[in-house]
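Visitor: Input input-v6.txt, format and content: compact mmCIF, C-alpha atoms.
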```txt
# COMPACT_ATOMS: atom_id res chain seq x y z
CA MET A 1 -9.17 -59.64 55.30
CA GLU A 2 -5.82 -58.75 56.76
CA ARG A 3 -4.76 -60.59 59.87
CA VAL A 4 -2.73 -59.06 62.63
CA PRO A 5 0.32 -61.23 63.37
CA VAL A 6 0.73 -62.52 66.91
CA LEU A 7 4.39 -63.04 67.84
CA SER A 8 5.61 -65.14 70.71
CA LEU A 9 8.31 -63.50 72.81
CA GLY A 10 9.45 -65.46 75.85
CA ASP A 11 6.38 -66.04 77.93
CA ALA A 12 4.58 -63.10 76.35
CA LEU A 13 2.72 -62.54 73.11
CA LEU A 14 3.49 -59.46 71.09
CA VAL A 15 0.81 -57.98 68.86
CA SER A 16 1.87 -55.01 66.82
CA ILE A 17 -1.01 -53.47 64.93
CA GLN A 18 0.29 -51.79 61.79
CA ILE A 19 -2.88 -51.71 59.72
CA ASP A 20 -6.15 -49.86 59.79
CA LEU A 21 -8.38 -51.70 62.18
CA GLN A 22 -11.64 -53.03 60.83
CA ASP A 23 -14.27 -54.59 63.03
CA ASN A 24 -13.66 -58.09 61.68
CA THR A 25 -9.87 -57.69 61.94
CA VAL A 26 -10.23 -57.05 65.64
CA LEU A 27 -12.65 -59.94 66.08
CA ALA A 28 -10.18 -62.25 64.31
CA LEU A 29 -7.38 -60.92 66.50
CA GLN A 30 -9.38 -61.70 69.59
CA GLU A 31 -9.87 -65.30 68.43
CA ASP A 32 -6.23 -65.71 67.42
CA LEU A 33 -5.06 -64.33 70.75
CA ALA A 34 -7.28 -66.63 72.77
CA GLU A 35 -5.96 -69.63 70.85
CA ARG A 36 -2.34 -68.55 71.07
CA ILE A 37 -2.51 -67.84 74.79
CA VAL A 38 -3.78 -71.36 75.37
CA SER A 39 -1.35 -73.04 72.98
CA THR A 40 1.77 -71.18 74.14
CA GLY A 41 0.84 -70.78 77.77
CA ALA A 42 1.75 -67.11 77.55
CA ARG A 43 1.54 -65.09 80.73
CA GLY A 44 1.43 -61.68 79.15
CA VAL A 45 0.00 -59.99 76.07
CA LEU A 46 1.52 -56.80 74.72
CA ILE A 47 -0.55 -54.89 72.20
CA ASP A 48 1.32 -52.12 70.41
CA ILE A 49 -1.11 -49.62 68.92
CA SER A 50 1.37 -46.83 68.18
CA ALA A 51 0.45 -47.02 64.50
CA VAL A 52 -3.28 -46.85 65.11
CA ASP A 53 -4.66 -43.37 64.63
CA ILE A 54 -8.36 -44.04 64.31
CA VAL A 55 -10.51 -45.88 66.81
CA ASP A 56 -14.23 -46.10 67.37
CA SER A 57 -16.25 -47.26 70.32
CA PHE A 58 -16.31 -50.85 69.03
CA ILE A 59 -12.53 -51.14 68.78
CA GLY A 60 -12.14 -49.39 72.11
CA ARG A 61 -14.41 -51.93 73.70
CA MET A 62 -12.51 -54.76 72.02
CA PHE A 63 -9.31 -53.73 73.82
CA ALA A 64 -11.18 -54.07 77.08
CA SER A 65 -12.65 -57.43 76.13
CA ILE A 66 -9.28 -58.75 74.93
CA ALA A 67 -7.89 -57.78 78.32
CA ALA A 68 -10.76 -59.50 80.13
CA LEU A 69 -10.35 -62.60 77.99
CA SER A 70 -6.59 -62.81 78.61
CA ARG A 71 -7.07 -62.39 82.31
CA LEU A 72 -9.44 -65.31 82.23
CA LEU A 73 -6.66 -67.32 80.61
CA ASP A 74 -4.22 -66.11 83.27
CA ALA A 75 -2.35 -63.59 81.11
CA GLU A 76 -2.00 -59.86 81.71
CA THR A 77 -2.61 -57.40 78.89
CA VAL A 78 -0.60 -54.24 78.40
CA VAL A 79 -1.66 -51.78 75.71
CA VAL A 80 1.30 -49.65 74.67
CA GLY A 81 1.97 -46.60 72.50
CA MET A 82 -1.51 -45.17 72.41
CA ARG A 83 -1.51 -41.89 70.52
CA PRO A 84 -2.80 -38.73 72.21
CA ALA A 85 -5.64 -38.37 69.71
CA VAL A 86 -6.70 -41.97 70.30
CA ALA A 87 -6.58 -41.50 74.07
CA ILE A 88 -8.71 -38.36 73.84
CA THR A 89 -11.20 -40.12 71.58
CA LEU A 90 -11.56 -43.06 73.96
CA VAL A 91 -12.05 -40.72 76.91
CA GLU A 92 -14.66 -38.73 75.00
CA LEU A 93 -16.41 -42.01 74.19
CA GLY A 94 -16.45 -42.75 77.89
CA LEU A 95 -14.13 -45.73 77.62
CA SER A 96 -11.48 -45.60 80.31
CA LEU A 97 -10.38 -49.22 79.71
CA ALA A 98 -10.47 -50.10 83.38
CA GLY A 99 -8.41 -53.19 84.03
CA VAL A 100 -6.16 -52.67 81.03
CA ARG A 101 -2.59 -51.81 81.83
CA THR A 102 -1.00 -49.16 79.65
CA ALA A 103 2.54 -48.05 78.92
CA LEU A 104 4.16 -45.41 76.77
CA ASP A 105 6.15 -47.79 74.57
CA VAL A 106 6.94 -51.47 74.01
CA GLU A 107 10.04 -51.32 76.19
CA ARG A 108 8.16 -50.03 79.21
CA GLY A 109 5.34 -52.43 78.48
CA MET A 110 7.76 -55.37 78.59
CA LYS A 111 9.10 -54.06 81.87
CA ILE A 112 5.61 -54.16 83.34
CA LEU A 113 5.06 -57.72 82.09
CA ARG A 114 8.43 -58.79 83.50
CA ALA A 115 7.60 -57.24 86.87
CA LEU A 116 4.26 -59.04 86.85
CA SER A 117 5.80 -62.40 86.03
CA ASP A 118 8.45 -61.87 88.74
CA ARG A 119 5.71 -61.28 91.24
CA ARG A 120 3.91 -64.35 90.00
CA GLU A 121 7.05 -66.46 90.47
CA VAL A 122 7.41 -65.24 94.01
CA ARG A 123 3.82 -66.18 94.66
CA GLN A 124 4.28 -69.57 93.07
CA ALA A 125 7.41 -70.16 95.11
CA ASP A 126 5.39 -69.40 98.23
CA GLU A 127 2.75 -71.84 97.12
CA ALA A 128 5.44 -74.46 96.42
CA ASP A 129 6.73 -73.92 99.92
CA ALA A 130 3.30 -74.74 101.13
CA ASP A 131 3.86 -78.17 99.57
CA LEU A 132 1.82 -77.61 96.47
CA VAL A 133 2.78 -78.78 93.00
CA PRO A 134 4.10 -75.81 90.96
CA VAL A 135 2.14 -74.95 87.87
CA ALA A 136 3.34 -76.99 84.93
CA GLU A 137 3.60 -75.63 81.41
CA GLY A 138 0.41 -75.72 79.42
CA GLY A 139 -1.48 -72.91 80.99
CA GLY A 140 -4.17 -75.05 82.62
CA PRO A 141 -5.35 -74.26 86.10
CA ALA A 142 -2.93 -75.20 88.83
CA ALA A 143 -3.61 -78.77 89.87
CA GLY A 144 -3.49 -77.90 93.52
CA ALA A 145 -4.59 -80.61 95.87
CA MET B 1 -40.74 6.74 44.35
CA THR B 2 -37.53 5.45 45.77
CA GLN B 3 -35.80 6.00 42.46
CA ALA B 4 -37.18 9.49 42.11
CA ASP B 5 -36.24 10.46 45.64
CA GLY B 6 -32.87 8.88 45.12
CA GLY B 7 -32.54 11.51 42.45
CA ARG B 8 -33.50 14.20 44.93
CA VAL B 9 -30.88 13.11 47.41
CA ARG B 10 -28.36 12.97 44.60
CA ALA B 11 -29.26 16.46 43.52
CA LEU B 12 -28.94 17.69 47.10
CA LEU B 13 -25.52 16.06 47.43
CA ARG B 14 -24.40 17.75 44.26
CA SER B 15 -25.73 21.14 45.22
CA GLY B 16 -22.19 22.38 45.71
CA ASP B 17 -19.84 23.26 48.50
CA LYS B 18 -22.61 24.36 50.82
CA VAL B 19 -23.47 20.76 51.75
CA LEU B 20 -19.85 19.94 52.46
CA ARG B 21 -19.35 23.07 54.51
CA ARG B 22 -22.48 22.48 56.57
CA TRP B 23 -21.55 18.84 57.04
CA VAL B 24 -18.10 19.70 58.35
CA GLU B 25 -19.64 22.28 60.68
CA ALA B 26 -22.17 19.83 62.06
CA ALA B 27 -19.65 16.98 62.30
CA GLU B 28 -17.13 19.12 64.09
CA GLU B 29 -19.25 19.60 67.14
CA PRO B 30 -19.27 16.07 68.58
CA LEU B 31 -15.57 15.67 67.70
CA ARG B 32 -14.63 19.03 69.08
CA GLY B 33 -10.90 19.54 69.21
CA ARG B 34 -9.92 15.98 68.50
CA LEU B 35 -9.62 16.36 64.77
CA THR B 36 -8.49 19.51 62.95
CA THR B 37 -11.06 21.25 60.77
CA GLY B 38 -8.77 20.79 57.81
CA GLU B 39 -8.51 17.07 58.29
CA LEU B 40 -12.21 16.63 58.93
CA GLY B 41 -12.91 18.73 55.84
CA ARG B 42 -10.63 16.54 53.71
CA THR B 43 -12.23 13.36 55.04
CA CYS B 44 -15.75 14.70 54.47
CA SER B 45 -15.00 15.89 50.98
CA ASP B 46 -13.41 12.54 50.04
CA LEU B 47 -16.37 10.69 51.46
CA LEU B 48 -18.81 13.03 49.76
CA SER B 49 -17.26 12.46 46.35
CA VAL B 50 -17.36 8.69 46.88
CA LEU B 51 -21.01 8.95 47.93
CA VAL B 52 -21.97 11.14 45.00
CA GLU B 53 -20.56 8.50 42.72
CA ALA B 54 -22.35 5.72 44.61
CA THR B 55 -25.77 7.42 44.52
CA ASP B 56 -25.78 6.93 40.75
CA GLY B 57 -26.72 3.35 41.58
CA GLY B 58 -29.64 4.33 43.82
CA LEU B 59 -29.94 4.66 47.55
CA ASP B 60 -29.60 1.02 48.62
CA VAL B 61 -26.36 0.92 50.60
CA ARG B 62 -26.08 -2.85 50.20
CA THR B 63 -25.70 -2.80 46.43
CA ASP B 64 -22.44 -3.16 44.55
CA ALA B 65 -22.50 0.51 43.64
CA TYR B 66 -21.70 1.24 47.28
CA ALA B 67 -18.74 -1.17 47.55
CA GLY B 68 -16.32 1.76 47.37
CA ALA B 69 -18.32 3.83 49.85
CA ARG B 70 -18.59 0.92 52.27
CA GLY B 71 -14.85 0.33 52.00
CA PHE B 72 -14.22 3.99 52.71
CA LEU B 73 -16.50 3.97 55.74
CA THR B 74 -14.95 0.75 57.07
CA GLU B 75 -11.49 2.21 56.71
CA LEU B 76 -12.64 5.44 58.36
CA SER B 77 -14.23 3.62 61.26
CA ARG B 78 -11.12 1.48 61.81
CA ASP B 79 -8.82 4.48 61.55
CA TRP B 80 -10.82 6.59 63.99
CA ALA B 81 -11.26 3.70 66.39
CA ARG B 82 -7.50 3.30 66.45
CA ARG B 83 -7.20 6.98 67.37
CA GLY B 84 -9.53 6.48 70.29
CA PHE B 85 -12.82 7.74 68.86
CA SER B 86 -15.85 5.98 70.20
CA PRO B 87 -18.21 4.38 67.67
CA THR B 88 -20.81 6.99 68.64
CA GLU B 89 -18.47 9.79 67.62
CA THR B 90 -17.67 8.16 64.30
CA ALA B 91 -21.34 7.50 63.58
CA SER B 92 -22.36 11.04 64.62
CA ALA B 93 -19.87 12.45 62.15
CA VAL B 94 -21.65 10.52 59.41
CA PHE B 95 -25.09 11.41 60.78
CA ALA B 96 -24.10 15.07 60.58
CA LEU B 97 -24.56 14.75 56.85
CA LYS B 98 -28.29 14.74 57.59
CA ASP B 99 -28.17 18.28 58.92
CA ALA B 100 -26.42 19.43 55.80
CA LEU B 101 -28.89 17.65 53.52
CA PHE B 102 -31.96 18.92 55.38
CA ALA B 103 -30.64 22.46 55.34
CA ALA B 104 -29.95 22.19 51.62
CA ALA B 105 -33.43 20.81 50.98
CA ASP B 106 -34.92 23.58 53.05
CA GLU B 107 -33.05 26.19 51.07
CA ASP B 108 -34.17 24.74 47.76
CA GLY B 109 -37.68 25.14 49.02
CA ASP B 110 -38.74 21.56 48.48
CA GLY B 111 -37.89 20.01 51.82
CA ASP B 112 -40.95 17.79 51.60
CA LEU B 113 -41.35 14.96 54.08
CA ALA B 114 -40.66 12.18 51.58
CA THR B 115 -37.29 13.63 50.62
CA VAL B 116 -36.32 14.22 54.23
CA LEU B 117 -37.30 10.68 55.19
CA GLU B 118 -35.44 9.20 52.27
CA ALA B 119 -32.31 11.18 52.97
CA SER B 120 -32.55 10.38 56.64
CA ARG B 121 -32.87 6.65 56.02
CA TRP B 122 -29.97 6.71 53.61
CA VAL B 123 -27.65 8.51 56.04
CA ASP B 124 -28.71 6.17 58.84
CA ALA B 125 -27.69 3.20 56.73
CA LEU B 126 -24.31 4.79 56.11
CA GLY B 127 -23.86 5.43 59.83
CA LEU B 128 -24.71 1.84 60.58
CA VAL B 129 -22.00 0.67 58.19
CA THR B 130 -19.40 2.45 60.32
CA PHE B 131 -20.90 1.00 63.48
CA GLU B 132 -20.94 -2.49 62.10
CA SER B 133 -17.37 -2.36 60.90
CA PHE B 134 -16.34 -1.00 64.28
CA ALA B 135 -17.96 -3.96 65.99
CA ARG B 136 -16.43 -6.36 63.49
CA ALA B 137 -12.95 -4.92 63.98
CA ARG B 138 -13.39 -5.18 67.75
CA GLU B 139 -14.59 -8.74 67.47
CA GLN B 140 -11.56 -9.64 65.42
CA VAL B 141 -9.22 -8.15 67.99
CA ILE B 142 -10.97 -10.07 70.75
CA SER B 143 -10.79 -13.40 68.98
CA GLU B 144 -7.14 -12.84 68.11
CA GLN B 145 -6.36 -12.05 71.73
CA ALA B 146 -8.28 -15.08 72.95
CA GLU B 147 -6.21 -17.23 70.63
CA GLN B 148 -2.97 -15.67 71.81
CA LEU B 149 -4.03 -16.15 75.40
CA LEU B 150 -4.71 -19.79 74.69
CA GLU B 151 -1.23 -20.22 73.31
CA LEU B 152 0.39 -18.29 76.13
CA THR B 153 -1.22 -19.91 79.09
CA THR B 154 -0.65 -23.55 78.37
CA PRO B 155 3.05 -24.30 78.60
CA VAL B 156 4.16 -27.84 79.34
CA VAL B 157 7.40 -27.82 81.33
CA LYS B 158 9.78 -30.62 82.14
CA LEU B 159 10.50 -30.74 85.87
CA TRP B 160 12.64 -33.83 86.04
CA GLU B 161 13.69 -36.68 83.84
CA GLY B 162 10.38 -38.36 83.10
CA VAL B 163 8.26 -35.75 84.88
CA VAL B 164 6.38 -33.00 83.02
CA ALA B 165 4.00 -30.41 84.44
CA VAL B 166 1.33 -28.02 83.15
CA PRO B 167 0.78 -24.99 85.36
CA LEU B 168 -2.76 -23.95 84.53
CA ILE B 169 -3.57 -20.26 84.87
CA GLY B 170 -7.01 -18.77 84.45
CA THR B 171 -10.46 -20.15 83.90
CA LEU B 172 -10.72 -23.53 82.28
CA ASP B 173 -13.28 -24.10 79.54
CA SER B 174 -13.74 -26.91 77.08
CA ALA B 175 -11.64 -25.30 74.36
CA ARG B 176 -8.73 -24.65 76.69
CA THR B 177 -8.87 -28.04 78.31
CA GLN B 178 -8.81 -29.62 74.90
CA ILE B 179 -5.62 -27.75 74.04
CA VAL B 180 -4.05 -28.49 77.41
CA MET B 181 -4.94 -32.15 77.03
CA GLU B 182 -3.52 -32.41 73.54
CA LYS B 183 -0.36 -30.55 74.44
CA LEU B 184 0.24 -32.55 77.59
CA LEU B 185 -0.35 -35.90 75.92
CA GLN B 186 1.84 -34.97 72.97
CA THR B 187 4.62 -33.95 75.36
CA LEU B 188 4.31 -37.28 77.14
CA VAL B 189 4.92 -39.02 73.83
CA ASP B 190 7.71 -36.69 72.72
CA THR B 191 9.66 -36.83 75.96
CA GLY B 192 8.73 -40.37 76.95
CA SER B 193 7.69 -39.11 80.37
CA GLU B 194 5.74 -41.43 82.62
CA HIS B 195 4.60 -38.79 85.08
CA ALA B 196 2.52 -35.73 84.44
CA ILE B 197 1.51 -33.09 86.96
CA ILE B 198 -1.41 -30.74 86.37
CA ASP B 199 -1.00 -27.76 88.66
CA ILE B 200 -4.21 -25.81 89.23
CA THR B 201 -2.83 -23.16 91.59
CA GLY B 202 -3.76 -20.48 89.05
CA VAL B 203 -7.27 -21.73 88.40
CA PRO B 204 -9.65 -19.35 90.21
CA ALA B 205 -12.57 -21.73 90.57
CA VAL B 206 -13.35 -25.37 90.05
CA ASP B 207 -16.87 -26.40 89.16
CA THR B 208 -18.20 -29.73 88.01
CA GLU B 209 -17.38 -28.95 84.40
CA VAL B 210 -13.77 -28.04 85.11
CA ALA B 211 -13.39 -31.12 87.30
CA GLN B 212 -14.82 -33.23 84.50
CA HIS B 213 -12.22 -31.81 82.12
CA LEU B 214 -9.41 -32.52 84.58
CA LEU B 215 -10.57 -36.08 85.10
CA LYS B 216 -10.74 -36.64 81.36
CA THR B 217 -7.15 -35.46 80.97
CA VAL B 218 -5.98 -37.76 83.73
CA VAL B 219 -7.78 -40.76 82.24
CA ALA B 220 -6.39 -39.99 78.78
CA ALA B 221 -2.87 -39.81 80.21
CA ARG B 222 -3.45 -43.14 81.92
CA LEU B 223 -4.60 -44.70 78.69
CA MET B 224 -1.27 -43.74 77.22
CA GLY B 225 0.57 -45.34 80.09
CA ALA B 226 1.47 -42.29 82.13
CA GLU B 227 0.55 -41.43 85.70
CA CYS B 228 -1.09 -38.08 86.24
CA THR B 229 -1.15 -36.09 89.48
CA ILE B 230 -3.24 -33.01 90.18
CA SER B 231 -1.56 -30.46 92.42
CA GLY B 232 -2.07 -26.94 93.70
CA ILE B 233 -5.48 -27.50 95.24
CA ARG B 234 -6.12 -24.51 97.47
CA PRO B 235 -8.18 -24.88 100.65
CA GLN B 236 -11.23 -23.09 99.21
CA ILE B 237 -11.07 -25.22 96.08
CA ALA B 238 -10.83 -28.39 98.15
CA GLN B 239 -13.94 -27.25 99.99
CA THR B 240 -15.79 -26.53 96.77
CA ILE B 241 -14.86 -29.92 95.37
CA VAL B 242 -16.14 -31.69 98.46
CA THR B 243 -19.31 -29.58 98.57
CA LEU B 244 -20.04 -30.30 94.93
CA GLY B 245 -19.53 -33.98 95.61
CA ILE B 246 -16.94 -34.42 92.87
CA GLU B 247 -15.17 -37.77 93.12
CA PHE B 248 -11.55 -37.82 92.10
CA GLY B 249 -11.49 -41.57 92.66
CA ASP B 250 -8.02 -43.08 92.72
CA ILE B 251 -6.40 -40.03 91.14
CA THR B 252 -3.49 -38.76 93.17
CA THR B 253 -3.96 -35.19 94.35
CA LYS B 254 -1.40 -33.08 96.18
CA SER B 255 -1.72 -29.67 97.74
CA THR B 256 1.46 -28.22 96.27
CA LEU B 257 3.49 -28.70 93.13
CA ALA B 258 6.51 -29.56 95.31
CA ASP B 259 4.64 -32.48 96.87
CA ALA B 260 3.54 -33.68 93.48
CA LEU B 261 7.09 -33.50 92.15
CA LEU B 262 8.37 -35.46 95.10
CA HIS B 263 5.66 -38.04 94.57
CA ALA B 264 6.50 -38.35 90.88
CA MET B 265 10.23 -38.60 91.56
CA ARG B 266 9.65 -41.36 94.07
CA GLY B 267 7.56 -43.06 91.42
CA THR B 268 10.51 -42.99 89.02
CA GLY B 269 12.74 -44.44 91.72
CA VAL B 270 14.50 -41.24 92.76
CA GLU B 271 14.87 -40.65 96.48
CA VAL B 272 15.64 -37.17 97.78
CA VAL B 273 17.89 -37.11 100.83
CA ARG B 274 19.40 -34.24 102.74
CA ARG B 275 23.18 -34.32 102.83
CA ALA B 276 24.57 -34.72 106.33
CA GLY B 277 26.08 -31.50 107.64
CA SER B 278 23.90 -29.19 105.60
CA ARG B 279 21.35 -27.02 107.25
```
Please express what this file holds, its structure, as structure tokens.
Guide:
Amino acid sequence: MERVPVLSLGDALLVSIQIDLQDNTVLALQEDLAERIVSTGARGVLIDISAVDIVDSFIGRMFASIAALSRLLDAETVVVGMRPAVAITLVELGLSLAGVRTALDVERGMKILRALSDRREVRQADEADADLVPVAEGGGPAAGA
Amino acid sequence: MTQADGGRVRALLRSGDKVLRRWVEAAEEPLRGRLTTGELGRTCSDLLSVLVEATDGGLDVRTDAYAGARGFLTELSRDWARRGFSPTETASAVFALKDALFAAADEDGDGDLATVLEASRWVDALGLVTFESFARAREQVISEQAEQLLELTTPVVKLWEGVVAVPLIGTLDSARTQIVMEKLLQTLVDTGSEHAIIDITGVPAVDTEVAQHLLKTVVAARLMGAECTISGIRPQIAQTIVTLGIEFGDITTKSTLADALLHAMRGTGVEVVRRAGSR
């Protein structure tokens, strides 16, 4: 089985899918991503699907569940480069991927992640002002008193 | 019996110029003045010779023996239709052959019922061939036009850097929405635009189905990472939408294309200001 590589880029993970997606490939990707988010403490996940031209309802749902899973681990997911045909298919299947951020290409996707992490820093700075310990690296929940 | 009577009809057809002359006379009446006698005579005589040949294979118009005759009739029907003849006129010209055949049978003194019926059925079948080909030709024209219309009415235009719009004109159905959707989404990819505007000023009515199609397009654009605005909602349409209970959810809607453009430009970080001193 082919595995989709997960690359670490700053505080984000970059997943570029260049192969035909099989059900087990996507399941493996989900596992890999969960592990990598925890081990790297990534704050964002960028999934580039510009090379994917066939999706089914299972894979469509997996995008949503990957997004839900990353959010649970405090990382935002951006799906970028979806092809028109894929978008139409997902809509026809009734999957609107609520909660998944989308962007036209990797560059714009990174911009979204950067904007999100900026906002997070502002929030954390506010929390620090309120005499709380800033979140340390490691990705665990903030040890707020 | 069919074979034997086929022979009778064949014999009647071959009974000389009288049949042709009578046919032309009878056919001329419904076409009065729109085709010269000479031309009608030429057409009838050509058709008659084709038919005489075809009757060697029996009287069943659907057989291969009639391929030439059918082709002739199809061509005739198309040609006359182009000149503005109604299908009734074309068919009556063919049906006129009946008169000629009956008269010929009468003259020969054996115009028995079986022969008349057989001849009548045969000519009817021929007339129907012209009618059918007329309908088919019409159908083809209609489908070609529908296709052209589809191509014509779905342009995707760039309004601003990063803003594209589709001005929709005419009734929306599934086939059209599909094309609009595909074209719009492809343009988003090609131009890298993050804002799309669907303008429905030219859409005469919005029902639940049309709304469903619009929503699908917006969601598909969102999936690709673009924001989609619907503009050009006329007062009556707004009322219909509310009456039908259609929920547009968090989709941005604007009453005019100008508003939508302004909204999209703001979204891309462009601010429009009036220069001081201008009107």
Visitor: Could you please tell me, as number ranges by chain, which residues of chain B have an atom within 12 Å of chain A when using all atoms listed in the file?
Guide: B: 162, 177-195, 212-227, 250
Visitor: Tell me, in Å to one decimal, how far atom CA of B:Ile198 is from atom CA of B:Ile233.
Guide: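 Straight-line distance from atom CA of B:Ile198 to atom CA of B:Ile233 works out to 10.3 Å.
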Visitor: Just checking: using only C-alpha atoms, which residue out of A:Ile47, A:Val26, A:Glu35, A:Leu7 ends up closest to A:Met62?
Guide: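 Of all the options, A:Val26 lies closest to A:Met62.
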Visitor: Which neighbours of A:Ala75 fall inside 12 Å, counting all atoms listed in the file, when residues of the same chain fewer than 6 positions from it are skipped, and could you give them as a list in words?
Guide: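 Counting only the stated atoms, we get Asp11, Ala12, Leu13, Leu33, Ala34, Arg36, Ile37, Val38, Thr40, Gly41, Ala42, Arg43, Gly44, Val45, Leu46, Ile66, Ala67, Ala68, Leu69, Val100, Arg101, Leu113, Leu116, Ser117, Arg120, Gly139 and Gly140 of chain A.
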Visitor: So that I can check the surroundings of B:Val52, please list as a list in words every protein, DNA and RNA residue that reaches within 9 Å of it, counting all atoms listed in the file and ignoring chain neighbours fewer than 3 positions away.
Guide: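 The residues satisfying every condition are Arg10, Leu13, Arg14, Leu47, Leu48, Ser49, Thr55 and Asp56 of chain B.
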Visitor: Restricting the calculation to only C-alpha atoms: of B:Leu31, B:Gly41, B:Ser92, B:Ala119, which residue gets closest to B:Leu12?
Guide: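 Using only C-alpha atoms, B:Leu12 sits closest to B:Ala119.
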Visitor: Could you check which of A:Thr25, A:Ser57, A:Ser39, A:Gln124 is closest to A:Ser8, using only C-alpha atoms?
Guide: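 Of A:Thr25, A:Ser57, A:Ser39, A:Gln124, the one nearest A:Ser8, counting only C-alpha atoms, is A:Ser39.
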Visitor: With distances taken over all atoms listed in the file, which residue among A:Leu73, A:Val106, A:Met1, A:Ala51 lies nearest A:Asn24?
Guide: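 For A:Asn24, the nearest of the given residues is A:Met1.
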Visitor: In Å, rounded to a single decimal, give me how far atom CA of B:Ala96 is from atom CA of B:Trp23.
Guide: 5.8 Å
Visitor: Hey, can you check how far atom CA of A:Gly60 sits from atom CA of A:Gln22?
Guide: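 It comes out at 11.9 Å.
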Visitor: Which of these, B:Ala114, B:Lys98, B:Leu150, B:Val61, has the shortest distance to B:Val129 once you count only C-alpha atoms?
Guide: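 Closest to B:Val129 of all the choices is B:Val61.
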Visitor: Nearest to A:Ala64: which of A:Gly99, A:Asp23, A:Glu31, A:Ile17 is it, counting only C-alpha atoms?
Guide: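 Of the candidates, the smallest distance to A:Ala64 is held by A:Gly99.
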Visitor: Kindly output stretch 63-79 of chain A as an mmCIF file, in the frame of the given file, after building N, CA and C atoms.
Guide:
```
data_model
loop_
_atom_site.group_PDB
_atom_site.id
_atom_site.type_symbol
_atom_site.label_atom_id
_atom_site.label_comp_id
_atom_site.auth_asym_id
_atom_site.auth_seq_id
_atom_site.Cartn_x
_atom_site.Cartn_y
_atom_site.Cartn_z
ATOM 1 N N PHE A 63 -10.531 -53.702 73.006
ATOM 2 C CA PHE A 63 -9.310 -53.730 73.820
ATOM 3 C C PHE A 63 -9.655 -54.210 75.223
ATOM 4 N N ALA A 64 -10.767 -53.679 75.732
ATOM 5 C CA ALA A 64 -11.180 -54.070 77.080
ATOM 6 C C ALA A 64 -11.544 -55.543 77.118
ATOM 7 N N SER A 65 -12.230 -56.026 76.060
ATOM 8 C CA SER A 65 -12.650 -57.430 76.130
ATOM 9 C C SER A 65 -11.472 -58.371 75.887
ATOM 10 N N ILE A 66 -10.492 -57.919 75.088
ATOM 11 C CA ILE A 66 -9.280 -58.750 74.930
ATOM 12 C C ILE A 66 -8.582 -58.873 76.273
ATOM 13 N N ALA A 67 -8.536 -57.759 77.002
ATOM 14 C CA ALA A 67 -7.890 -57.780 78.320
ATOM 15 C C ALA A 67 -8.633 -58.718 79.263
ATOM 16 N N ALA A 68 -9.967 -58.650 79.239
ATOM 17 C CA ALA A 68 -10.760 -59.500 80.130
ATOM 18 C C ALA A 68 -10.556 -60.966 79.784
ATOM 19 N N LEU A 69 -10.522 -61.221 78.482
ATOM 20 C CA LEU A 69 -10.350 -62.600 77.990
ATOM 21 C C LEU A 69 -8.975 -63.156 78.396
ATOM 22 N N SER A 70 -7.934 -62.329 78.255
ATOM 23 C CA SER A 70 -6.590 -62.810 78.610
ATOM 24 C C SER A 70 -6.489 -63.064 80.099
ATOM 25 N N ARG A 71 -7.151 -62.192 80.867
ATOM 26 C CA ARG A 71 -7.070 -62.390 82.310
ATOM 27 C C ARG A 71 -7.715 -63.716 82.701
ATOM 28 N N LEU A 72 -8.764 -64.036 81.985
ATOM 29 C CA LEU A 72 -9.440 -65.310 82.230
ATOM 30 C C LEU A 72 -8.506 -66.471 81.950
ATOM 31 N N LEU A 73 -7.616 -66.270 80.971
ATOM 32 C CA LEU A 73 -6.660 -67.320 80.610
ATOM 33 C C LEU A 73 -5.345 -67.118 81.357
ATOM 34 N N ASP A 74 -5.376 -66.325 82.415
ATOM 35 C CA ASP A 74 -4.220 -66.110 83.270
ATOM 36 C C ASP A 74 -3.079 -65.377 82.551
ATOM 37 N N ALA A 75 -3.392 -64.409 81.727
ATOM 38 C CA ALA A 75 -2.350 -63.590 81.110
ATOM 39 C C ALA A 75 -2.733 -62.125 81.259
ATOM 40 N N GLU A 76 -1.734 -61.288 81.548
ATOM 41 C CA GLU A 76 -2.000 -59.860 81.710
ATOM 42 C C GLU A 76 -1.855 -59.152 80.372
ATOM 43 N N THR A 77 -2.693 -58.157 80.142
ATOM 44 C CA THR A 77 -2.610 -57.400 78.890
ATOM 45 C C THR A 77 -2.035 -56.005 79.162
ATOM 46 N N VAL A 78 -1.099 -55.612 78.328
ATOM 47 C CA VAL A 78 -0.600 -54.240 78.400
ATOM 48 C C VAL A 78 -0.787 -53.621 77.014
ATOM 49 N N VAL A 79 -1.485 -52.503 76.977
ATOM 50 C CA VAL A 79 -1.660 -51.780 75.710
ATOM 51 C C VAL A 79 -0.611 -50.674 75.697
#
```
